[in-house]
file protein16.txt (compact mmCIF, C-alpha atoms)
# COMPACT_ATOMS: atom_id res chain seq x y z
CA MET O 1 0.00 0.00 0.00
CA GLN O 2 1.22 3.47 -0.85
CA LYS O 3 2.70 5.56 1.94
CA PHE O 4 0.71 8.71 2.69
CA GLU O 5 1.67 11.96 4.41
CA VAL O 6 -1.37 12.49 6.63
CA LEU O 7 -3.55 9.41 6.24
CA LYS O 8 -2.72 6.37 8.33
CA THR O 9 -4.12 3.38 6.51
CA ARG O 10 -4.73 -0.27 7.26
CA SER O 11 -6.66 -2.84 5.31
CA GLU O 12 -8.92 -5.64 6.45
CA GLY O 13 -9.73 -7.68 3.40
CA GLN O 14 -11.41 -5.33 0.94
CA VAL O 15 -12.11 -2.67 3.58
CA LEU O 16 -9.60 0.17 3.87
CA PHE O 17 -9.47 2.22 7.06
CA ALA O 18 -8.01 5.71 6.50
CA GLU O 19 -7.30 7.69 9.67
CA ILE O 20 -6.57 11.41 9.37
CA ASP O 21 -3.56 12.31 11.50
CA ASN O 22 -2.42 15.90 11.05
CA PRO O 23 -1.80 17.31 14.54
CA PRO O 24 -2.61 19.39 16.38
CA LEU O 25 -6.05 20.17 14.83
CA ASN O 26 -6.27 18.05 11.70
CA LEU O 27 -6.43 21.19 9.58
CA LEU O 28 -7.00 20.52 5.91
CA GLY O 29 -3.87 21.51 4.03
CA PRO O 30 -1.77 20.43 1.05
CA GLY O 31 -0.60 17.19 2.70
CA LEU O 32 -4.10 15.82 3.18
CA VAL O 33 -5.14 16.99 -0.29
CA ARG O 34 -2.17 15.18 -1.85
CA ASP O 35 -3.15 12.06 0.08
CA LEU O 36 -6.74 12.29 -1.13
CA VAL O 37 -5.54 12.67 -4.72
CA ALA O 38 -3.43 9.53 -4.38
CA LEU O 39 -6.16 7.59 -2.61
CA ILE O 40 -8.82 8.48 -5.18
CA GLN O 41 -6.50 7.31 -7.95
CA ILE O 42 -6.22 3.95 -6.19
CA LEU O 43 -9.96 3.67 -5.58
CA ASP O 44 -10.81 4.64 -9.14
CA LYS O 45 -9.32 1.33 -10.31
CA GLY O 46 -12.19 -0.43 -8.53
CA GLU O 47 -10.11 -3.48 -7.75
CA GLU O 48 -8.48 -3.62 -4.33
CA PHE O 49 -11.03 -2.01 -2.00
CA LYS O 50 -14.81 -2.08 -1.96
CA VAL O 51 -15.26 0.11 1.13
CA VAL O 52 -13.23 2.93 2.70
CA VAL O 53 -13.77 4.21 6.25
CA PHE O 54 -12.46 7.70 7.06
CA SER O 55 -11.82 8.58 10.70
CA SER O 56 -9.55 10.80 12.80
CA ALA O 57 -6.62 10.12 15.10
CA ASN O 58 -7.53 13.27 17.07
CA PRO O 59 -10.28 12.76 19.67
CA ASP O 60 -11.37 16.42 19.49
CA PHE O 61 -11.17 17.12 15.75
CA PHE O 62 -12.16 15.12 12.70
CA ILE O 63 -11.06 18.06 10.53
CA ALA O 64 -11.18 21.46 12.23
CA HIS O 65 -11.43 23.37 8.91
CA VAL O 66 -9.03 24.42 6.17
CA ASP O 67 -5.64 25.86 7.03
CA VAL O 68 -6.37 29.46 6.05
CA ASP O 69 -2.64 30.13 5.67
CA LYS O 70 -2.32 27.45 2.97
CA ILE O 71 -5.39 27.93 0.80
CA THR O 72 -3.38 28.55 -2.37
CA GLU O 73 -1.16 25.53 -1.67
CA TYR O 74 -3.92 23.01 -1.03
CA ARG O 75 -5.91 24.23 -4.03
CA ALA O 76 -2.83 23.75 -6.19
CA ALA O 77 -2.36 20.23 -4.82
CA ALA O 78 -5.86 19.30 -6.01
CA THR O 79 -4.93 20.21 -9.58
CA GLU O 80 -3.11 16.91 -10.16
CA LEU O 81 -6.45 15.09 -10.10
CA THR O 82 -9.00 17.73 -11.08
CA GLY O 83 -7.01 19.80 -13.57
CA GLU O 84 -8.17 22.87 -11.64
CA PRO O 85 -7.20 24.37 -8.27
CA SER O 86 -10.43 23.33 -6.55
CA LEU O 87 -11.09 21.47 -3.32
CA SER O 88 -14.75 21.30 -4.32
CA LEU O 89 -13.97 19.36 -7.50
CA LEU O 90 -11.62 17.08 -5.58
CA TYR O 91 -14.35 16.23 -3.10
CA ARG O 92 -16.78 15.60 -5.95
CA ARG O 93 -14.28 13.16 -7.41
CA LEU O 94 -14.23 11.39 -4.05
CA SER O 95 -18.01 11.08 -4.28
CA GLU O 96 -17.65 9.53 -7.72
CA THR O 97 -14.92 7.01 -6.95
CA LYS O 98 -15.80 3.33 -7.21
CA ALA O 99 -15.50 2.45 -3.51
CA ILE O 100 -18.29 2.93 -1.01
CA THR O 101 -17.06 5.60 1.42
CA ILE O 102 -18.05 5.93 5.07
CA ALA O 103 -17.14 8.78 7.44
CA LYS O 104 -16.82 7.87 11.12
CA ILE O 105 -16.89 11.13 13.06
CA ALA O 106 -15.84 11.60 16.67
CA GLY O 107 -14.80 15.21 17.17
CA ARG O 108 -15.35 18.48 15.32
CA ALA O 109 -16.03 18.51 11.59
CA ARG O 110 -16.35 22.13 10.53
CA GLY O 111 -16.01 23.79 7.15
CA ALA O 112 -13.93 21.55 4.89
CA GLY O 113 -14.28 18.80 7.49
CA SER O 114 -18.04 18.85 7.08
CA GLU O 115 -17.56 18.97 3.32
CA LEU O 116 -15.35 15.87 3.35
CA ILE O 117 -17.91 13.83 5.26
CA LEU O 118 -20.70 15.10 2.98
CA ALA O 119 -18.67 13.92 -0.01
CA CYS O 120 -18.69 10.44 1.51
CA ASP O 121 -21.54 8.06 0.84
CA MET O 122 -22.48 7.59 4.51
CA ARG O 123 -21.81 9.37 7.80
CA PHE O 124 -21.97 7.98 11.34
CA ALA O 125 -21.06 10.04 14.39
CA SER O 126 -20.36 9.74 18.08
CA ARG O 127 -23.41 11.00 19.96
CA GLU O 128 -21.23 12.33 22.77
CA ARG O 129 -18.26 13.79 20.89
CA ALA O 130 -19.14 14.77 17.32
CA VAL O 131 -19.73 18.45 16.46
CA PHE O 132 -20.59 19.89 13.05
CA GLY O 133 -20.53 23.40 11.69
CA HIS O 134 -19.92 25.79 8.83
CA ILE O 135 -17.98 28.90 9.80
CA GLU O 136 -17.55 30.52 6.40
CA ALA O 137 -20.39 33.05 6.60
CA ALA O 138 -18.79 34.63 9.67
CA PHE O 139 -15.82 35.53 7.47
CA GLY O 140 -17.85 36.74 4.51
CA GLN O 141 -17.42 33.52 2.53
CA ILE O 142 -19.52 30.80 0.97
CA PRO O 143 -18.62 27.17 1.75
CA GLY O 144 -16.39 26.29 -1.19
CA GLY O 145 -16.06 22.52 -0.94
CA GLY O 146 -19.53 21.35 -1.89
CA SER O 147 -21.64 21.92 1.24
CA VAL O 148 -24.04 24.32 -0.46
CA GLN O 149 -24.89 21.53 -2.89
CA HIS O 150 -25.01 18.68 -0.39
CA LEU O 151 -26.74 20.42 2.51
CA THR O 152 -29.49 21.94 0.37
CA ARG O 153 -30.26 18.51 -1.05
CA THR O 154 -30.06 16.59 2.22
CA LEU O 155 -31.33 19.08 4.81
CA GLY O 156 -33.73 21.07 2.67
CA ARG O 157 -33.67 24.76 1.81
CA GLY O 158 -34.58 26.22 5.20
CA ARG O 159 -32.19 24.12 7.25
CA ALA O 160 -29.39 24.67 4.75
CA PHE O 161 -29.87 28.42 5.21
CA GLU O 162 -29.83 27.99 8.99
CA VAL O 163 -26.68 25.88 9.07
CA ILE O 164 -24.68 27.91 6.57
CA THR O 165 -25.65 31.44 7.58
CA SER O 166 -25.60 30.95 11.37
CA SER O 167 -22.02 29.59 11.56
CA GLN O 168 -23.15 27.77 14.69
CA ASP O 169 -22.07 24.38 16.02
CA TYR O 170 -24.49 21.45 15.87
CA ASN O 171 -24.29 18.35 18.03
CA ALA O 172 -24.70 14.84 16.65
CA ASP O 173 -28.31 14.41 17.74
CA LEU O 174 -29.43 17.55 15.91
CA ALA O 175 -27.25 16.68 12.91
CA GLU O 176 -28.99 13.31 12.75
CA ARG O 177 -32.42 14.93 13.03
CA TYR O 178 -31.57 17.35 10.21
CA GLY O 179 -30.15 14.62 7.95
CA TRP O 180 -26.55 15.87 8.03
CA ILE O 181 -25.48 12.38 9.14
CA ASN O 182 -27.01 8.92 8.84
CA ARG O 183 -27.02 8.19 12.57
CA ALA O 184 -25.73 9.42 15.91
CA ILE O 185 -24.39 6.39 17.78
CA PRO O 186 -23.18 6.04 21.38
CA ASP O 187 -19.44 6.58 21.39
CA GLU O 188 -18.65 3.16 22.82
CA GLU O 189 -20.56 1.49 19.97
CA LEU O 190 -19.37 3.62 17.06
CA ASP O 191 -16.24 1.68 16.08
CA SER O 192 -17.90 -1.73 16.06
CA PHE O 193 -21.00 -0.46 14.26
CA VAL O 194 -19.04 1.11 11.42
CA SER O 195 -16.62 -1.80 11.13
CA ASP O 196 -19.45 -4.34 11.00
CA LEU O 197 -21.29 -2.31 8.35
CA ALA O 198 -18.15 -1.86 6.23
CA HIS O 199 -17.35 -5.57 6.28
CA ARG O 200 -20.98 -6.49 5.57
CA ILE O 201 -21.00 -4.30 2.46
CA ALA O 202 -17.60 -5.62 1.36
CA ARG O 203 -18.99 -9.16 1.19
CA TYR O 204 -21.34 -8.17 -1.63
CA PRO O 205 -20.51 -8.33 -5.39
CA GLN O 206 -18.39 -5.40 -6.43
CA GLN O 207 -20.09 -4.59 -9.73
CA GLY O 208 -23.45 -4.32 -8.03
CA LEU O 209 -22.06 -1.89 -5.46
CA GLN O 210 -20.53 0.23 -8.19
CA ASP O 211 -23.76 0.28 -10.18
CA ILE O 212 -25.74 1.32 -7.09
CA LYS O 213 -23.32 4.13 -6.36
CA GLU O 214 -23.33 5.37 -9.95
CA ARG O 215 -27.12 5.54 -10.06
CA ILE O 216 -27.50 7.23 -6.66
CA ASN O 217 -24.86 9.77 -7.68
CA ALA O 218 -26.72 10.43 -10.93
CA ILE O 219 -29.72 11.53 -8.87
CA SER O 220 -28.03 13.23 -5.90
CA LEU O 221 -24.87 14.98 -7.09
CA ALA O 222 -25.06 18.50 -8.49
CA PRO O 223 -23.42 19.28 -11.84
CA VAL O 224 -19.67 19.86 -11.82
CA SER O 225 -20.24 23.49 -12.80
CA ASP O 226 -22.06 24.18 -9.52
CA TYR O 227 -19.17 22.86 -7.46
CA ARG O 228 -16.79 24.94 -9.53
CA THR O 229 -18.83 28.10 -8.95
CA ASP O 230 -18.87 27.57 -5.18
CA ALA O 231 -15.11 27.01 -5.11
CA ASP O 232 -14.47 30.15 -7.15
CA LEU O 233 -16.69 32.28 -4.90
CA PHE O 234 -14.95 30.95 -1.78
CA PHE O 235 -11.51 31.78 -3.16
CA GLN O 236 -12.57 35.23 -4.32
CA ALA O 237 -13.80 36.01 -0.82
CA THR O 238 -10.44 35.03 0.70
CA GLN O 239 -8.92 37.94 -1.23
CA SER O 240 -11.30 40.56 0.17
CA SER O 241 -10.10 43.03 2.78
CA GLU O 242 -13.05 42.29 5.08
CA THR O 243 -12.37 38.54 5.13
CA LYS O 244 -8.67 39.09 5.74
CA GLU O 245 -9.47 41.45 8.61
CA ARG O 246 -11.81 38.91 10.19
CA PHE O 247 -9.17 36.19 9.94
CA LYS O 248 -6.74 38.56 11.64
CA ILE O 249 -9.17 39.29 14.48
CA ILE O 250 -9.90 35.67 15.25
CA ALA O 251 -6.24 34.70 14.90
CA GLU O 252 -5.58 36.96 17.88
CA LYS O 253 -8.08 34.84 19.83
CA GLY O 254 -6.26 31.58 19.09
CA PHE O 255 -7.71 30.51 15.75
CA GLN O 256 -5.82 27.53 14.25
CA PHE O 257 -4.13 26.75 17.56
CA PRO O 258 -5.16 24.19 20.20
CA GLY O 259 -7.35 25.69 22.89
CA ASP O 260 -10.77 26.99 23.78
CA THR O 261 -11.26 29.05 20.61
CA GLU O 262 -11.07 26.05 18.31
CA LEU O 263 -12.99 23.82 20.69
CA ASN O 264 -15.83 26.36 20.92
CA LEU O 265 -15.45 28.05 17.56
CA GLY O 266 -19.18 28.27 16.86
CA ASP O 267 -19.66 30.36 20.01
CA VAL O 268 -16.56 32.48 19.47
CA ILE O 269 -17.31 33.59 15.93
CA GLY O 270 -20.89 34.38 16.89
CA LYS O 271 -19.52 37.25 18.97
CA PHE O 272 -17.54 38.97 16.19

call {"tool": "encode", "arguments": {"input": "protein16.txt", "output": "structure tokens"}}
result
Amino acid sequence: MQKFEVLKTRSEGQVLFAEIDNPPLNLLGPGLVRDLVALIQILDKGEEFKVVVFSSANPDFFIAHVDVDKITEYRAAATELTGEPSLSLLYRRLSETKAITIAKIAGRARGAGSELILACDMRFASRERAVFGHIEAAFGQIPGGGSVQHLTRTLGRGRAFEVITSSQDYNADLAERYGWINRAIPDEELDSFVSDLAHRIARYPQQGLQDIKERINAISLAPVSDYRTDADLFFQATQSSETKERFKIIAEKGFQFPGDTELNLGDVIGKF
């Protein structure tokens, strides 16, 4: 198996477990994007793995959000697969790959973290520890990695507006109720539940799984052009003086560093 920079992988038969390990906050940066590019290229072959389970090595953070100091770098890293500097198009390619993908969330999945799990086919979360949110509106941005497309389709128009414009944190029970995740599961049962499901699916014929995924995607995924538009709007906003000033203000409060600000980011940015 290929060696990755950020992903720690192990295989059990035709199930691949991919653990995100990018301390201290599991920020999404160029290393993780390069790993996703390489992993998607493996999964696209449709041979070795039927199911992939994404999880985090950090008990507090699945993915905190993007590394705002490395936006240009991680967008460039996506180009190898997408042909364009776009995290949104990279995530859409993950949705299209031949393996069934499952996100196992215990910790915070905000911004690009939420967008990664939404790009997966299924999402299961720790009832006690998982937290979800979109912080972009607080900085004058649109979510650029596909959440506008996914959340509007899965949550409905009103709840998508609530989630995206409020920049609040949502616990696993409410995320389940809204349809953000498949299920909220007691923390002590999460690992075994997801593992059992992954291995159950992996026992089924591969071509059938791929056909099912292709047809569900044909109904549920937005056109590529919509993902591209969202990504472009996000990047344009990062260049605005107001967004840069807001990043500067919250950086002074401990943004992108371990501590209370990142743990309680939904509350902190609500007081800008």

call {"tool": "residues_around", "arguments": {"input": "protein16.txt", "residues": "Ala77 of chain O", "least_positions_apart": "4", "cutoff": "9 Å", "atoms": "all atoms listed in the file", "output": "list in words"}}
result
Pro30, Gly31, Val33, Arg34, Val37, Thr72, Glu73, Leu81, Pro85, Ser86 and Leu87 of chain O

call {"tool": "closest_residue", "arguments": {"input": "protein16.txt", "among": "O:Asp230, O:Glu136, O:Asp121, O:Glu214", "to": "Phe247 of chain O", "atoms": "all atoms listed in the file"}}
result
O:Glu136

call {"tool": "residues_around", "arguments": {"input": "protein16.txt", "residues": "Leu90 of chain O", "least_positions_apart": "5", "cutoff": "10 Å", "atoms": "only C-alpha atoms", "output": "PyMOL selection string"}}
result
chain O and resi 33+36-37+40+75+77-85+95-96+116+119+145-146+227

call {"tool": "closest_atom_pairs", "arguments": {"input": "protein16.txt", "of": "segment 140-219 of chain O", "to": "segment 1-24 of chain O", "cutoff": "7 Å", "atoms": "only C-alpha atoms", "output": "Markdown table"}}
result
| residue | atom | partner | partner_atom | distance |
| --- | --- | --- | --- | --- |
| O:Ala198 | CA | O:Val15 | CA | 6.6 |
| O:His199 | CA | O:Val15 | CA | 6.6 |
| O:Ala202 | CA | O:Gln14 | CA | 6.2 |

call {"tool": "residues_around", "arguments": {"input": "protein16.txt", "residues": "Gly270 of chain O", "least_positions_apart": "3", "cutoff": "10 Å", "atoms": "all atoms listed in the file", "output": "list of chain:residue names"}}
result
O:Ile135, O:Ala138, O:Ser166, O:Ser167, O:Gln168, O:Leu265, O:Gly266, O:Asp267

call {"tool": "closest_residue", "arguments": {"input": "protein16.txt", "among": "O:Ala38, O:Pro59, O:Ile100, O:Ala137", "to": "Gly208 of chain O", "atoms": "only C-alpha atoms"}}
result
O:Ile100

call {"tool": "residues_around", "arguments": {"input": "protein16.txt", "residues": "Pro258 of chain O", "least_positions_apart": "2", "cutoff": "12 Å", "atoms": "all atoms listed in the file", "output": "PyMOL selection string"}}
result
chain O and resi 23-27+58+60-61+64+251+253-256+260-265

call {"tool": "atom_distance", "arguments": {"input": "protein16.txt", "atom1": "atom CA of Arg92 of chain O", "atom2": "atom CA of Leu221 of chain O"}}
result
8.2 Å

call {"tool": "closest_residue", "arguments": {"input": "protein16.txt", "among": "O:Lys248, O:Arg153, O:Arg129, O:Arg177", "to": "Ile219 of chain O", "atoms": "only C-alpha atoms"}}
result
O:Arg153

call {"tool": "residues_around", "arguments": {"input": "protein16.txt", "residues": "Ile201 of chain O", "least_positions_apart": "3", "cutoff": "9 Å", "atoms": "all atoms listed in the file", "output": "short mmCIF file (atom, residue, chain, number, x, y, z; two decimals) with C-alpha atoms, keeping the file's coordinate frame"}}
result
data_model
loop_
_atom_site.label_atom_id
_atom_site.label_comp_id
_atom_site.auth_asym_id
_atom_site.auth_seq_id
_atom_site.Cartn_x
_atom_site.Cartn_y
_atom_site.Cartn_z
CA LYS O 50 -14.81 -2.08 -1.96
CA VAL O 51 -15.26 0.11 1.13
CA ILE O 100 -18.29 2.93 -1.01
CA ASP O 196 -19.45 -4.34 11.00
CA LEU O 197 -21.29 -2.31 8.35
CA ALA O 198 -18.15 -1.86 6.23
CA TYR O 204 -21.34 -8.17 -1.63
CA PRO O 205 -20.51 -8.33 -5.39
CA LEU O 209 -22.06 -1.89 -5.46
#

call {"tool": "atom_distance", "arguments": {"input": "protein16.txt", "atom1": "atom CA of Leu174 of chain O", "atom2": "atom CA of Glu188 of chain O"}}
result
19.3 Å

call {"tool": "closest_residue", "arguments": {"input": "protein16.txt", "among": "O:Ser240, O:Ser192, O:Gln149, O:Ser114", "to": "Ile63 of chain O", "atoms": "all atoms listed in the file"}}
result
O:Ser114

call {"tool": "atom_distance", "arguments": {"input": "protein16.txt", "atom1": "atom CA of Ser88 of chain O", "atom2": "atom CA of Ile269 of chain O"}}
result
23.8 Å

call {"tool": "closest_residue", "arguments": {"input": "protein16.txt", "among": "O:Leu28, O:His65, O:Ala76, O:Arg93", "to": "Gln41 of chain O", "atoms": "all atoms listed in the file"}}
result
O:Arg93

call {"tool": "closest_residue", "arguments": {"input": "protein16.txt", "among": "O:Ala175, O:Val131, O:Ala160, O:Leu89", "to": "Gly107 of chain O", "atoms": "all atoms listed in the file"}}
result
O:Val131
